[in-house]
Amino acid sequence: MFPNCPKYIQQRAFERVETADAGEQSVADGLAPAHREWLGSTDTFFIGSVHPEAGADASHRGGDPGFVDVDGDTVVYPDYPGNNMFCTLGNVQADGRVGLLAVDFADGRTLQATGRADIVWDAARVAAHEGAERLVEIHVDRTVELPNGTPLRWSLTERSPFNP
């Protein structure tokens, strides 16, 4: 067991709010326009991946708002230098199935997306993302949105000083 790299984590204060329940989930194939906007403006998401022999991994990905590119049902994020464990990248190389979790920190909505990922090494594409060593491109197949996915609400207190 080892910790995730804390390098690109935004500092947030949180509070618990009373919610009736998670609300009615919205399930869709691919990304809706609102999901594209959400992911394209986020500063944080979580990615789950799996290796057929080593098991599952969940990791944080962060940057300044807009660090994620979204085009149709394709999500691309820059892979910045981190803890050099390469768990997500190794898993993607071995088995491209991934899941994403985005949280709307202000209102508690959550978005889960599943699909297949590839590692992008194309130097010109990577160079368009300052500080990136490669990109991860995810083709989203399915999404689940919960209006009250978490009873916590967060407010930003400080952006990571490592964000490119």
# chains A, B, ... in the order shown; residues from 1 in each chain; ligands from 1
>>> select_by_dssp(residues="stretch 20-100 of chain A", states="strand (DSSP E or B)", output="JSON, numbers by chain")
{"A": [26, 27, 28, 29, 44, 45, 46, 47, 48, 49, 50, 51, 55, 56, 57, 58, 59, 60, 61, 62, 69, 70, 71, 74, 75, 76, 77, 78, 79, 97, 98, 99, 100]}
>>> residues_around(residues="stretch 91-97 of chain A", least_positions_apart="6", cutoff="8 Å", atoms="only C-alpha atoms", output="count of residues only")
10
>>> closest_residue(among="A:Ser160, A:Thr110, A:Thr74, A:Gln25", to="A:Phe45", atoms="only C-alpha atoms")
A:Thr110
>>> select_by_dssp(residues="chain A", states="helix (DSSP H, G or I)", output="list in words")
Pro33, Ala34, His35, Arg36, Glu37, Trp38, Leu39, Gly40, Ser41, Cys87, Thr88, Leu89, Gly90, Asn91, Val92, Gln93, Ala94, Ala123, Ala124, Arg125, Val126 and Ala127 of chain A
>>> closest_residue(among="A:Arg134, A:His129, A:His35, A:Arg142", to="A:Val103", atoms="only C-alpha atoms")
A:His35
>>> closest_atom_pairs(of="stretch 40-104 of chain A", to="stretch 120-128 of chain A", cutoff="12 Å", atoms="only C-alpha atoms", output="tab-separated table")
residue	atom	partner	partner_atom	distance
A:Phe67	CA	A:Ala128	CA	11.0
A:Asp69	CA	A:Ala128	CA	11.1
A:Val76	CA	A:Val120	CA	9.2
A:Tyr77	CA	A:Val126	CA	9.8
A:Pro78	CA	A:Val126	CA	7.4
A:Asp79	CA	A:Val126	CA	9.1
A:Tyr80	CA	A:Val126	CA	10.5
A:Leu89	CA	A:Val120	CA	10.7
A:Val92	CA	A:Val120	CA	11.2
A:Gln93	CA	A:Val120	CA	10.9
>>> closest_residue(among="A:Gln11, A:Ser41, A:Cys5, A:Asp29", to="A:Val140", atoms="only C-alpha atoms")
A:Asp29
>>> closest_residue(among="A:Ala132, A:Ala54, A:Ala106, A:Ala34", to="A:Ser155", atoms="only C-alpha atoms")
A:Ala106
>>> residues_around(residues="A:Asp73", least_positions_apart="6", cutoff="9 Å", atoms="only C-alpha atoms", output="ChimeraX atom specification")
/A:30-32,36,138-141
>>> residues_around(residues="A:Ala102", least_positions_apart="3", cutoff="12 Å", atoms="only C-alpha atoms", output="number ranges by chain")
A: 35-48, 60-62, 68, 99, 105, 108-114, 143-146, 149-150
>>> write_last_selection(atoms="N, CA and C atoms", output="short mmCIF file (atom, residue, chain, number, x, y, z; two decimals), in the first residue's frame")
data_model
loop_
_atom_site.label_atom_id
_atom_site.label_comp_id
_atom_site.auth_asym_id
_atom_site.auth_seq_id
_atom_site.Cartn_x
_atom_site.Cartn_y
_atom_site.Cartn_z
N HIS A 35 -22.31 17.62 -19.05
CA HIS A 35 -21.17 16.86 -18.53
C HIS A 35 -19.88 17.34 -19.18
N ARG A 36 -19.94 17.65 -20.46
CA ARG A 36 -18.75 18.16 -21.17
C ARG A 36 -18.28 19.46 -20.54
N GLU A 37 -19.24 20.33 -20.28
CA GLU A 37 -18.91 21.63 -19.66
C GLU A 37 -18.32 21.41 -18.26
N TRP A 38 -18.94 20.53 -17.49
CA TRP A 38 -18.49 20.23 -16.13
C TRP A 38 -17.06 19.73 -16.14
N LEU A 39 -16.79 18.69 -16.92
CA LEU A 39 -15.45 18.11 -16.96
C LEU A 39 -14.42 19.09 -17.53
N GLY A 40 -14.84 19.89 -18.50
CA GLY A 40 -13.93 20.86 -19.11
C GLY A 40 -13.56 22.02 -18.21
N SER A 41 -14.30 22.21 -17.12
CA SER A 41 -14.00 23.31 -16.21
C SER A 41 -13.54 22.83 -14.83
N THR A 42 -13.45 21.52 -14.63
CA THR A 42 -13.07 21.01 -13.32
C THR A 42 -11.59 21.23 -13.03
N ASP A 43 -11.26 21.23 -11.74
CA ASP A 43 -9.86 21.27 -11.34
C ASP A 43 -9.45 19.97 -10.65
N THR A 44 -10.41 19.04 -10.55
CA THR A 44 -10.16 17.79 -9.83
C THR A 44 -11.08 16.69 -10.34
N PHE A 45 -10.54 15.50 -10.52
CA PHE A 45 -11.36 14.31 -10.72
C PHE A 45 -10.57 13.11 -10.21
N PHE A 46 -11.25 11.99 -10.15
CA PHE A 46 -10.61 10.76 -9.67
C PHE A 46 -10.76 9.73 -10.78
N ILE A 47 -9.72 8.91 -10.95
CA ILE A 47 -9.74 7.89 -11.99
C ILE A 47 -9.48 6.52 -11.37
N GLY A 48 -10.32 5.58 -11.75
CA GLY A 48 -10.15 4.20 -11.33
C GLY A 48 -9.69 3.38 -12.52
N HIS A 60 -6.13 10.42 -7.81
CA HIS A 60 -6.57 11.80 -7.98
C HIS A 60 -5.86 12.40 -9.19
N ARG A 61 -6.55 13.26 -9.91
CA ARG A 61 -5.93 14.06 -10.96
C ARG A 61 -6.40 15.48 -10.77
N GLY A 62 -5.48 16.43 -10.81
CA GLY A 62 -5.84 17.82 -10.59
C GLY A 62 -4.99 18.76 -11.40
N VAL A 68 -8.61 19.78 -18.24
CA VAL A 68 -9.20 18.64 -18.96
C VAL A 68 -9.81 19.14 -20.26
N GLY A 99 -12.73 4.23 -14.99
CA GLY A 99 -13.89 4.95 -14.50
C GLY A 99 -13.43 6.29 -13.96
N PHE A 105 -18.14 20.37 -6.17
CA PHE A 105 -17.86 20.63 -4.76
C PHE A 105 -18.84 21.61 -4.14
N GLY A 108 -22.63 19.23 -4.45
CA GLY A 108 -22.65 17.81 -4.10
C GLY A 108 -23.02 16.86 -5.21
N ARG A 109 -23.25 17.37 -6.43
CA ARG A 109 -23.53 16.45 -7.55
C ARG A 109 -22.28 15.63 -7.83
N THR A 110 -22.49 14.40 -8.28
CA THR A 110 -21.38 13.57 -8.72
C THR A 110 -21.66 13.04 -10.11
N LEU A 111 -20.59 12.88 -10.87
CA LEU A 111 -20.67 12.32 -12.21
C LEU A 111 -19.70 11.15 -12.28
N GLN A 112 -20.23 9.99 -12.61
CA GLN A 112 -19.40 8.81 -12.83
C GLN A 112 -19.41 8.54 -14.34
N ALA A 113 -18.25 8.29 -14.89
CA ALA A 113 -18.15 7.99 -16.32
C ALA A 113 -17.26 6.76 -16.48
N THR A 114 -17.66 5.87 -17.36
CA THR A 114 -16.84 4.69 -17.64
C THR A 114 -16.52 4.65 -19.13
N THR A 143 -22.44 7.25 -18.55
CA THR A 143 -22.34 8.16 -17.41
C THR A 143 -23.50 7.93 -16.45
N VAL A 144 -23.24 8.23 -15.20
CA VAL A 144 -24.27 8.22 -14.16
C VAL A 144 -24.08 9.50 -13.36
N GLU A 145 -25.13 10.33 -13.28
CA GLU A 145 -25.08 11.55 -12.49
C GLU A 145 -26.05 11.42 -11.33
N LEU A 146 -25.59 11.81 -10.15
CA LEU A 146 -26.43 11.84 -8.95
C LEU A 146 -26.53 13.29 -8.47
N GLY A 149 -24.95 13.36 -4.78
CA GLY A 149 -24.06 12.21 -4.66
C GLY A 149 -23.24 12.19 -3.39
N THR A 150 -23.08 13.35 -2.75
CA THR A 150 -22.35 13.43 -1.49
C THR A 150 -23.00 14.49 -0.61
#
>>> atom_distance(atom1="atom CA of A:Asp104", atom2="atom CA of A:Glu130")
25.2 Å
>>> atom_distance(atom1="atom CA of A:Pro65", atom2="atom CA of A:Leu101")
15.8 Å
>>> atom_distance(atom1="atom CA of A:Glu18", atom2="atom CA of A:Ala58")
27.4 Å
>>> decode(residues="stretch 65-81 of chain A", atoms="all heavy atoms", output="tab-separated table (two decimals), in the first residue's frame")
chain	number	residue	atom	x	y	z
A	65	PRO	N	-8.49	24.96	-13.31
A	65	PRO	CA	-9.73	24.73	-14.06
A	65	PRO	C	-9.45	24.79	-15.57
A	65	PRO	O	-8.73	25.67	-16.04
A	65	PRO	CB	-10.62	25.89	-13.62
A	65	PRO	CG	-10.13	26.23	-12.25
A	65	PRO	CD	-8.63	26.01	-12.32
A	66	GLY	N	-10.00	23.82	-16.30
A	66	GLY	CA	-9.77	23.75	-17.73
A	66	GLY	C	-8.61	22.85	-18.13
A	66	GLY	O	-8.29	22.74	-19.31
A	67	PHE	N	-7.98	22.18	-17.17
A	67	PHE	CA	-6.86	21.31	-17.54
A	67	PHE	C	-7.32	20.07	-18.30
A	67	PHE	O	-6.52	19.40	-18.95
A	67	PHE	CB	-6.00	20.94	-16.31
A	67	PHE	CG	-6.50	19.78	-15.49
A	67	PHE	CD1	-5.89	18.53	-15.58
A	67	PHE	CD2	-7.56	19.93	-14.60
A	67	PHE	CE1	-6.33	17.46	-14.80
A	67	PHE	CE2	-8.01	18.87	-13.83
A	67	PHE	CZ	-7.40	17.63	-13.93
A	68	VAL	N	-8.61	19.78	-18.24
A	68	VAL	CA	-9.20	18.64	-18.96
A	68	VAL	C	-9.81	19.14	-20.26
A	68	VAL	O	-10.55	20.13	-20.26
A	68	VAL	CB	-10.28	17.96	-18.10
A	68	VAL	CG1	-10.96	16.83	-18.86
A	68	VAL	CG2	-9.69	17.44	-16.80
A	69	ASP	N	-9.49	18.48	-21.36
A	69	ASP	CA	-10.10	18.78	-22.66
A	69	ASP	C	-11.22	17.78	-22.91
A	69	ASP	O	-11.06	16.58	-22.66
A	69	ASP	CB	-9.08	18.66	-23.80
A	69	ASP	CG	-8.01	19.72	-23.75
A	69	ASP	OD1	-8.26	20.82	-23.21
A	69	ASP	OD2	-6.89	19.46	-24.25
A	70	VAL	N	-12.34	18.27	-23.42
A	70	VAL	CA	-13.47	17.40	-23.73
A	70	VAL	C	-13.94	17.72	-25.15
A	70	VAL	O	-14.19	18.88	-25.48
A	70	VAL	CB	-14.63	17.60	-22.73
A	70	VAL	CG1	-15.75	16.62	-23.02
A	70	VAL	CG2	-14.15	17.46	-21.30
A	71	ASP	N	-14.06	16.68	-25.95
A	71	ASP	CA	-14.56	16.82	-27.32
A	71	ASP	C	-15.51	15.65	-27.58
A	71	ASP	O	-15.06	14.50	-27.67
A	71	ASP	CB	-13.40	16.81	-28.32
A	71	ASP	CG	-13.84	17.04	-29.74
A	71	ASP	OD1	-15.00	17.48	-29.96
A	71	ASP	OD2	-13.04	16.76	-30.66
A	72	GLY	N	-16.79	15.96	-27.65
A	72	GLY	CA	-17.78	14.89	-27.82
A	72	GLY	C	-17.75	13.98	-26.61
A	72	GLY	O	-17.89	14.43	-25.47
A	73	ASP	N	-17.55	12.69	-26.85
A	73	ASP	CA	-17.48	11.71	-25.76
A	73	ASP	C	-16.03	11.36	-25.39
A	73	ASP	O	-15.78	10.35	-24.74
A	73	ASP	CB	-18.23	10.43	-26.16
A	73	ASP	CG	-19.72	10.65	-26.27
A	73	ASP	OD1	-20.26	11.52	-25.55
A	73	ASP	OD2	-20.37	9.95	-27.07
A	74	THR	N	-15.09	12.21	-25.78
A	74	THR	CA	-13.68	11.97	-25.50
A	74	THR	C	-13.15	12.99	-24.50
A	74	THR	O	-13.33	14.20	-24.67
A	74	THR	CB	-12.84	12.04	-26.79
A	74	THR	OG1	-13.35	11.07	-27.71
A	74	THR	CG2	-11.38	11.76	-26.52
A	75	VAL	N	-12.53	12.48	-23.45
A	75	VAL	CA	-11.92	13.29	-22.40
A	75	VAL	C	-10.41	13.08	-22.48
A	75	VAL	O	-9.94	11.95	-22.55
A	75	VAL	CB	-12.43	12.85	-21.00
A	75	VAL	CG1	-11.70	13.57	-19.89
A	75	VAL	CG2	-13.93	13.03	-20.90
A	76	VAL	N	-9.66	14.18	-22.48
A	76	VAL	CA	-8.20	14.10	-22.53
A	76	VAL	C	-7.64	14.91	-21.36
A	76	VAL	O	-8.03	16.07	-21.17
A	76	VAL	CB	-7.64	14.64	-23.86
A	76	VAL	CG1	-6.11	14.59	-23.86
A	76	VAL	CG2	-8.20	13.88	-25.05
A	77	TYR	N	-6.76	14.29	-20.60
A	77	TYR	CA	-6.12	15.05	-19.53
A	77	TYR	C	-4.61	14.87	-19.63
A	77	TYR	O	-4.10	13.82	-20.03
A	77	TYR	CB	-6.65	14.66	-18.15
A	77	TYR	CG	-6.23	13.30	-17.64
A	77	TYR	CD1	-5.04	13.14	-16.93
A	77	TYR	CD2	-7.03	12.19	-17.83
A	77	TYR	CE1	-4.66	11.90	-16.44
A	77	TYR	CE2	-6.66	10.95	-17.33
A	77	TYR	CZ	-5.48	10.82	-16.64
A	77	TYR	OH	-5.11	9.59	-16.16
A	78	PRO	N	-3.85	15.93	-19.24
A	78	PRO	CA	-2.39	15.84	-19.24
A	78	PRO	C	-1.91	15.03	-18.04
A	78	PRO	O	-2.46	15.14	-16.96
A	78	PRO	CB	-1.95	17.30	-19.13
A	78	PRO	CG	-3.11	18.01	-18.50
A	78	PRO	CD	-4.34	17.25	-18.87
A	79	ASP	N	-0.92	14.21	-18.26
A	79	ASP	CA	-0.31	13.46	-17.17
A	79	ASP	C	0.95	14.21	-16.76
A	79	ASP	O	1.95	14.22	-17.48
A	79	ASP	CB	0.02	12.03	-17.61
A	79	ASP	CG	0.47	11.20	-16.43
A	79	ASP	OD1	-0.33	11.02	-15.49
A	79	ASP	OD2	1.64	10.75	-16.45
A	80	TYR	N	0.87	14.86	-15.60
A	80	TYR	CA	1.98	15.64	-15.08
A	80	TYR	C	2.90	14.75	-14.24
A	80	TYR	O	2.47	13.71	-13.75
A	80	TYR	CB	1.46	16.76	-14.17
A	80	TYR	CG	0.50	17.72	-14.81
A	80	TYR	CD1	-0.72	18.01	-14.21
A	80	TYR	CD2	0.81	18.38	-15.99
A	80	TYR	CE1	-1.60	18.91	-14.76
A	80	TYR	CE2	-0.08	19.28	-16.56
A	80	TYR	CZ	-1.28	19.55	-15.94
A	80	TYR	OH	-2.16	20.44	-16.48
A	81	PRO	N	4.15	15.19	-14.02
A	81	PRO	CA	5.03	14.43	-13.13
A	81	PRO	C	4.42	14.31	-11.74
A	81	PRO	O	3.91	15.29	-11.20
A	81	PRO	CB	6.31	15.26	-13.09
A	81	PRO	CG	6.26	16.12	-14.31
A	81	PRO	CD	4.80	16.37	-14.58
